[in-house]
Amino acid sequence: MLLAVSSNRRVTFLWGVKLEFAKPSKTFQEQIEILESRGMIISDHGSAAHYLKHLNYYRLRGYWLPLEADQKAHLFKSGVTFEDVLNLYIFDRELRLLVLDAIERIEVSLRTQWAYQLAHGHGPHAYLDASLCKNARWHANNLSSLMKELERSDEVFVSHYSETYTVPESPPVWAVCEVMSLGLLSRWYKSLRPANTRSAIARAYNLPDRVLESFVEHMAYIRNICAHHSRLWNRRMTKTMELPRTKPKGLSVNFDHQQERKLYNTLVMIAYFMDMISPDHHWKKRLFHLFEAHEIDAQAMGFPMDWRERPIWKI
């Protein structure tokens with residue numbers, strides 16, 4: 001039994017003491033007063049109240065934590081302003097949009113390769129074949145998720161297929177891939193059995209298949225962070241990815257192998273894919289501009305001091 005004692009607003013567990021939550025909610029003006037009492041400079045109370053009203057004090061807290069000199073007492077460093085916090089917030093929002101833009105292109109490319117290699121290697125409805133999956137239960141779960149996506153879809157090709165064909169009941173792989181989420185695509189690639197098909201998909205990106213598998217899973221994780229509007233800027237990643245070591249030649253030198261839980265390595269891989277998928281893109285230039293426009297210290301994201309000198313970032 002975990003609970004041992006409960007009294008005097010204190011709950012005692014077998015492994016220690018936990019206090020009952022008793023903090024009252026604060027008005028927007030009270031929130032401003034708290035921030036000022038901790039040393040934050042707020043020159044325009046009306047503007048600050050507006051942003052607190054629409055962005056949430058607790059959400060913004062993630063952006064001012066690095067600006068605190070004493071995180072136990074929550075005292076701010078000298079000269080920290082509310083505008084500093086807002087600048088970080090806006091930068092992070094624009095960074096998420098930029099990352100989502102790249103992930104969209106990467107996802108479409110990955111879907112295309114998955115469908116192409118399955119269709120040419122195993123037939124138009126290869127995804128229905130459980131023998132192509134490492135585990136029958138995985139295949140059943142993946143197929144069930146895909147069928148639900150098809151049922152929810154209002155794409156014309158879905159209704160057209162059901163009205164035109166009777167066998168098989170679902171569309172070919174090059175059509176169904178269009179309704180797959182990145183997370184489902186990641187699970188399908190991870191469970192794919194034929195080594196030659198896995199390698200053929202990875203070869204399109206000049207990567208070992210285990211590295212591609214890890215990257216796609218990581219991209220699904222990053223996409224979920226962005227899609228749910230969570231903080232990306234200085235996040236410590238819970239789901240990392242395997243970094244390429246020898247293939248492709250020259251890519252490994254761009255990574256920071258000491259900061260594998262920071263965003264920098266993710267952005268290196270995204271830049272690598274963008275160079276391959278869309279050679280005329282301006283994604284890296286947009287990233288540079290974002291740093292400059294908001295005067296961001298990239299080291300908070302795991303960027304090494306010499307990152308601009310590494311080959312992947314050379315325009």
# chains A, B, ... in the order shown; residues from 1 in each chain; ligands from 1
call {"tool": "residues_around", "arguments": {"residues": "A:Arg38", "least_positions_apart": "3", "cutoff": "7 Å", "atoms": "only C-alpha atoms", "output": "VMD selection string"}}
result
chain A and resid 34 to 35 74 to 76
call {"tool": "closest_atom_pairs", "arguments": {"of": "stretch 197-296 of chain A", "to": "stretch 112-130 of chain A", "cutoff": "9 Å", "atoms": "only C-alpha atoms", "output": "Markdown table"}}
result
| residue | atom | partner | partner_atom | distance |
| --- | --- | --- | --- | --- |
| A:Thr197 | CA | A:Gln117 | CA | 6.2 |
| A:Arg198 | CA | A:Gln117 | CA | 8.5 |
| A:Ala200 | CA | A:Gln117 | CA | 6.9 |
| A:Ile201 | CA | A:Gln113 | CA | 5.6 |
| A:Ala202 | CA | A:Gln113 | CA | 8.6 |
| A:Ala204 | CA | A:Gln113 | CA | 7.6 |
call {"tool": "write_last_selection", "arguments": {"atoms": "N, CA and C atoms", "output": "JSON list (two decimals), in the first residue's frame"}}
result
[["chain", "number", "residue", "atom", "x", "y", "z"],
["A", 197, "THR", "N", 13.77, -4.89, -49.16],
["A", 197, "THR", "CA", 12.81, -3.79, -49.32],
["A", 197, "THR", "C", 13.14, -2.66, -48.36],
["A", 198, "ARG", "N", 13.48, -3.01, -47.12],
["A", 198, "ARG", "CA", 13.89, -1.99, -46.15],
["A", 198, "ARG", "C", 15.10, -1.22, -46.67],
["A", 200, "ALA", "N", 16.10, -0.90, -49.76],
["A", 200, "ALA", "CA", 15.78, -0.13, -50.96],
["A", 200, "ALA", "C", 15.17, 1.23, -50.58],
["A", 201, "ILE", "N", 14.32, 1.22, -49.56],
["A", 201, "ILE", "CA", 13.73, 2.49, -49.09],
["A", 201, "ILE", "C", 14.81, 3.39, -48.50],
["A", 202, "ALA", "N", 15.67, 2.82, -47.68],
["A", 202, "ALA", "CA", 16.74, 3.61, -47.03],
["A", 202, "ALA", "C", 17.76, 4.09, -48.04],
["A", 204, "ALA", "N", 17.31, 5.22, -50.90],
["A", 204, "ALA", "CA", 16.87, 6.47, -51.54],
["A", 204, "ALA", "C", 17.42, 7.69, -50.82]]
call {"tool": "residues_around", "arguments": {"residues": "A:His289", "least_positions_apart": "5", "cutoff": "12 Å", "atoms": "only C-alpha atoms", "output": "short mmCIF file (atom, residue, chain, number, x, y, z; two decimals) with N, CA and C atoms, in the first residue's frame"}}
result
data_model
loop_
_atom_site.label_atom_id
_atom_site.label_comp_id
_atom_site.auth_asym_id
_atom_site.auth_seq_id
_atom_site.Cartn_x
_atom_site.Cartn_y
_atom_site.Cartn_z
N PHE A 91 9.83 33.26 -31.25
CA PHE A 91 10.86 32.51 -31.97
C PHE A 91 10.51 31.02 -32.00
N GLU A 94 7.68 30.22 -34.40
CA GLU A 94 8.11 30.28 -35.80
C GLU A 94 9.05 29.12 -36.12
N LEU A 95 9.85 28.70 -35.15
CA LEU A 95 10.73 27.55 -35.35
C LEU A 95 9.90 26.28 -35.56
N LEU A 98 8.57 26.25 -39.02
CA LEU A 98 9.62 25.96 -39.99
C LEU A 98 9.95 24.47 -40.00
N HIS A 282 14.95 26.94 -49.51
CA HIS A 282 15.60 28.03 -48.77
C HIS A 282 15.44 27.80 -47.27
N TRP A 283 15.26 26.54 -46.91
CA TRP A 283 14.96 26.22 -45.52
C TRP A 283 16.08 26.64 -44.58
N LYS A 284 17.30 26.36 -44.94
CA LYS A 284 18.42 26.72 -44.05
C LYS A 284 18.56 28.23 -43.94
N HIS A 294 15.61 37.17 -34.11
CA HIS A 294 15.25 37.12 -32.69
C HIS A 294 16.47 37.12 -31.77
N GLU A 295 17.66 37.23 -32.37
CA GLU A 295 18.92 37.30 -31.61
C GLU A 295 19.00 36.14 -30.61
N ILE A 296 18.88 34.94 -31.14
CA ILE A 296 18.82 33.73 -30.32
C ILE A 296 20.19 33.12 -30.11
#
call {"tool": "residues_around", "arguments": {"residues": "A:Leu184", "least_positions_apart": "6", "cutoff": "9 Å", "atoms": "only C-alpha atoms", "output": "VMD selection string"}}
result
chain A and resid 142 145 to 146 220
call {"tool": "write_last_selection", "arguments": {"atoms": "N, CA and C atoms", "output": "mmCIF file, in the first residue's frame"}}
result
data_model
loop_
_atom_site.group_PDB
_atom_site.id
_atom_site.type_symbol
_atom_site.label_atom_id
_atom_site.label_comp_id
_atom_site.auth_asym_id
_atom_site.auth_seq_id
_atom_site.Cartn_x
_atom_site.Cartn_y
_atom_site.Cartn_z
ATOM 1 N N ASN A 142 -1.191 -2.481 -37.183
ATOM 2 C CA ASN A 142 -0.931 -1.480 -38.212
ATOM 3 C C ASN A 142 -2.061 -1.431 -39.226
ATOM 4 N N SER A 145 -5.176 0.208 -37.794
ATOM 5 C CA SER A 145 -5.029 1.672 -37.755
ATOM 6 C C SER A 145 -5.198 2.271 -39.142
ATOM 7 N N LEU A 146 -4.648 1.604 -40.145
ATOM 8 C CA LEU A 146 -4.755 2.103 -41.511
ATOM 9 C C LEU A 146 -6.204 2.057 -41.998
ATOM 10 N N ALA A 220 8.388 11.456 -36.100
ATOM 11 C CA ALA A 220 7.008 11.368 -35.616
ATOM 12 C C ALA A 220 6.890 12.019 -34.236
#
call {"tool": "atom_distance", "arguments": {"atom1": "atom CA of A:Glu213", "atom2": "atom CA of A:Leu243"}}
result
11.2 Å
call {"tool": "closest_residue", "arguments": {"among": "A:Lys72, A:Lys134, A:Lys247, A:His218", "to": "A:Leu263", "atoms": "only C-alpha atoms"}}
result
A:His218
call {"tool": "select_by_dssp", "arguments": {"residues": "stretch 173-306 of chain A", "states": "alpha helix (DSSP H)", "output": "VMD selection string"}}
result
chain A and resid 173 to 176 182 to 191 195 to 203 209 to 227 263 to 277 283 to 294
call {"tool": "write_last_selection", "arguments": {"atoms": "C-alpha atoms", "output": "PDB file, in the first residue's frame"}}
result
ATOM      1  CA  VAL A 173      -0.510   0.833 -51.472  1.00  0.00           C
ATOM      2  CA  TRP A 174       0.301   3.965 -53.490  1.00  0.00           C
ATOM      3  CA  ALA A 175      -3.141   5.310 -52.623  1.00  0.00           C
ATOM      4  CA  VAL A 176      -3.483   4.269 -48.978  1.00  0.00           C
ATOM      5  CA  LEU A 182       3.803   9.778 -39.899  1.00  0.00           C
ATOM      6  CA  GLY A 183       3.531   7.753 -36.709  1.00  0.00           C
ATOM      7  CA  LEU A 184       1.799   4.900 -38.523  1.00  0.00           C
ATOM      8  CA  LEU A 185       4.319   5.049 -41.364  1.00  0.00           C
ATOM      9  CA  SER A 186       7.090   4.815 -38.780  1.00  0.00           C
ATOM     10  CA  ARG A 187       5.527   1.723 -37.218  1.00  0.00           C
ATOM     11  CA  TRP A 188       5.008   0.111 -40.618  1.00  0.00           C
ATOM     12  CA  TYR A 189       8.606   0.638 -41.682  1.00  0.00           C
ATOM     13  CA  LYS A 190       9.866  -0.592 -38.301  1.00  0.00           C
ATOM     14  CA  SER A 191       7.897  -3.829 -38.656  1.00  0.00           C
ATOM     15  CA  ALA A 195      15.669  -6.753 -45.719  1.00  0.00           C
ATOM     16  CA  ASN A 196      15.980  -5.931 -49.413  1.00  0.00           C
ATOM     17  CA  THR A 197      12.807  -3.792 -49.316  1.00  0.00           C
ATOM     18  CA  ARG A 198      13.895  -1.990 -46.148  1.00  0.00           C
ATOM     19  CA  SER A 199      17.308  -1.333 -47.697  1.00  0.00           C
ATOM     20  CA  ALA A 200      15.779  -0.126 -50.957  1.00  0.00           C
ATOM     21  CA  ILE A 201      13.729   2.485 -49.093  1.00  0.00           C
ATOM     22  CA  ALA A 202      16.739   3.608 -47.028  1.00  0.00           C
ATOM     23  CA  ARG A 203      18.969   3.647 -50.102  1.00  0.00           C
ATOM     24  CA  ASP A 209      17.953   1.045 -42.834  1.00  0.00           C
ATOM     25  CA  ARG A 210      18.328   1.013 -39.029  1.00  0.00           C
ATOM     26  CA  VAL A 211      19.289   4.720 -39.113  1.00  0.00           C
ATOM     27  CA  LEU A 212      16.302   5.557 -41.302  1.00  0.00           C
ATOM     28  CA  GLU A 213      14.002   3.578 -38.992  1.00  0.00           C
ATOM     29  CA  SER A 214      15.278   5.524 -35.997  1.00  0.00           C
ATOM     30  CA  PHE A 215      15.009   8.859 -37.819  1.00  0.00           C
ATOM     31  CA  VAL A 216      11.404   8.305 -38.960  1.00  0.00           C
ATOM     32  CA  GLU A 217      10.390   7.380 -35.419  1.00  0.00           C
ATOM     33  CA  HIS A 218      12.133  10.502 -34.131  1.00  0.00           C
ATOM     34  CA  MET A 219      10.400  12.656 -36.765  1.00  0.00           C
ATOM     35  CA  ALA A 220       7.008  11.368 -35.616  1.00  0.00           C
ATOM     36  CA  TYR A 221       7.954  12.415 -32.080  1.00  0.00           C
ATOM     37  CA  ILE A 222       9.119  15.873 -33.211  1.00  0.00           C
ATOM     38  CA  ARG A 223       6.018  16.351 -35.338  1.00  0.00           C
ATOM     39  CA  ASN A 224       3.798  15.616 -32.345  1.00  0.00           C
ATOM     40  CA  ILE A 225       5.658  18.230 -30.299  1.00  0.00           C
ATOM     41  CA  CYS A 226       5.109  20.810 -33.028  1.00  0.00           C
ATOM     42  CA  ALA A 227       1.509  19.822 -33.781  1.00  0.00           C
ATOM     43  CA  LEU A 263      17.460  19.872 -31.044  1.00  0.00           C
ATOM     44  CA  TYR A 264      20.647  20.557 -33.000  1.00  0.00           C
ATOM     45  CA  ASN A 265      21.168  17.006 -34.294  1.00  0.00           C
ATOM     46  CA  THR A 266      17.513  16.832 -35.345  1.00  0.00           C
ATOM     47  CA  LEU A 267      17.966  19.991 -37.414  1.00  0.00           C
ATOM     48  CA  VAL A 268      21.123  18.549 -39.018  1.00  0.00           C
ATOM     49  CA  MET A 269      19.171  15.509 -40.207  1.00  0.00           C
ATOM     50  CA  ILE A 270      16.297  17.672 -41.414  1.00  0.00           C
ATOM     51  CA  ALA A 271      18.752  19.848 -43.357  1.00  0.00           C
ATOM     52  CA  TYR A 272      20.308  16.715 -44.873  1.00  0.00           C
ATOM     53  CA  PHE A 273      16.912  15.439 -46.026  1.00  0.00           C
ATOM     54  CA  MET A 274      15.881  18.852 -47.335  1.00  0.00           C
ATOM     55  CA  ASP A 275      19.073  19.107 -49.406  1.00  0.00           C
ATOM     56  CA  MET A 276      18.238  15.739 -50.937  1.00  0.00           C
ATOM     57  CA  ILE A 277      14.477  16.066 -51.394  1.00  0.00           C
ATOM     58  CA  TRP A 283      14.959  26.218 -45.520  1.00  0.00           C
ATOM     59  CA  LYS A 284      18.422  26.718 -44.054  1.00  0.00           C
ATOM     60  CA  LYS A 285      18.419  30.399 -44.990  1.00  0.00           C
ATOM     61  CA  ARG A 286      15.060  30.770 -43.251  1.00  0.00           C
ATOM     62  CA  LEU A 287      16.527  29.101 -40.146  1.00  0.00           C
ATOM     63  CA  PHE A 288      19.515  31.490 -40.168  1.00  0.00           C
ATOM     64  CA  HIS A 289      17.187  34.464 -40.582  1.00  0.00           C
ATOM     65  CA  LEU A 290      15.064  33.271 -37.671  1.00  0.00           C
ATOM     66  CA  PHE A 291      18.105  33.155 -35.368  1.00  0.00           C
ATOM     67  CA  GLU A 292      19.210  36.615 -36.456  1.00  0.00           C
ATOM     68  CA  ALA A 293      15.763  38.234 -36.299  1.00  0.00           C
ATOM     69  CA  HIS A 294      15.251  37.118 -32.688  1.00  0.00           C
TER      70      HIS A 294
END
call {"tool": "atom_distance", "arguments": {"atom1": "atom CA of A:Lys77", "atom2": "atom CA of A:Gln299"}}
result
18.4 Å
call {"tool": "atom_distance", "arguments": {"atom1": "atom CA of A:Leu150", "atom2": "atom CA of A:Val179"}}
result
6.7 Å
call {"tool": "closest_residue", "arguments": {"among": "A:Phe28, A:Leu65, A:Arg236, A:Pro171", "to": "A:Ser159", "atoms": "only C-alpha atoms"}}
result
A:Pro171
call {"tool": "closest_residue", "arguments": {"among": "A:Asn234, A:Asn141, A:Ser78, A:Thr246", "to": "A:Asn206", "atoms": "only C-alpha atoms"}}
result
A:Thr246
call {"tool": "closest_residue", "arguments": {"among": "A:Thr166, A:Ser47, A:Ser25, A:Gln259", "to": "A:Phe82", "atoms": "only C-alpha atoms"}}
result
A:Ser47
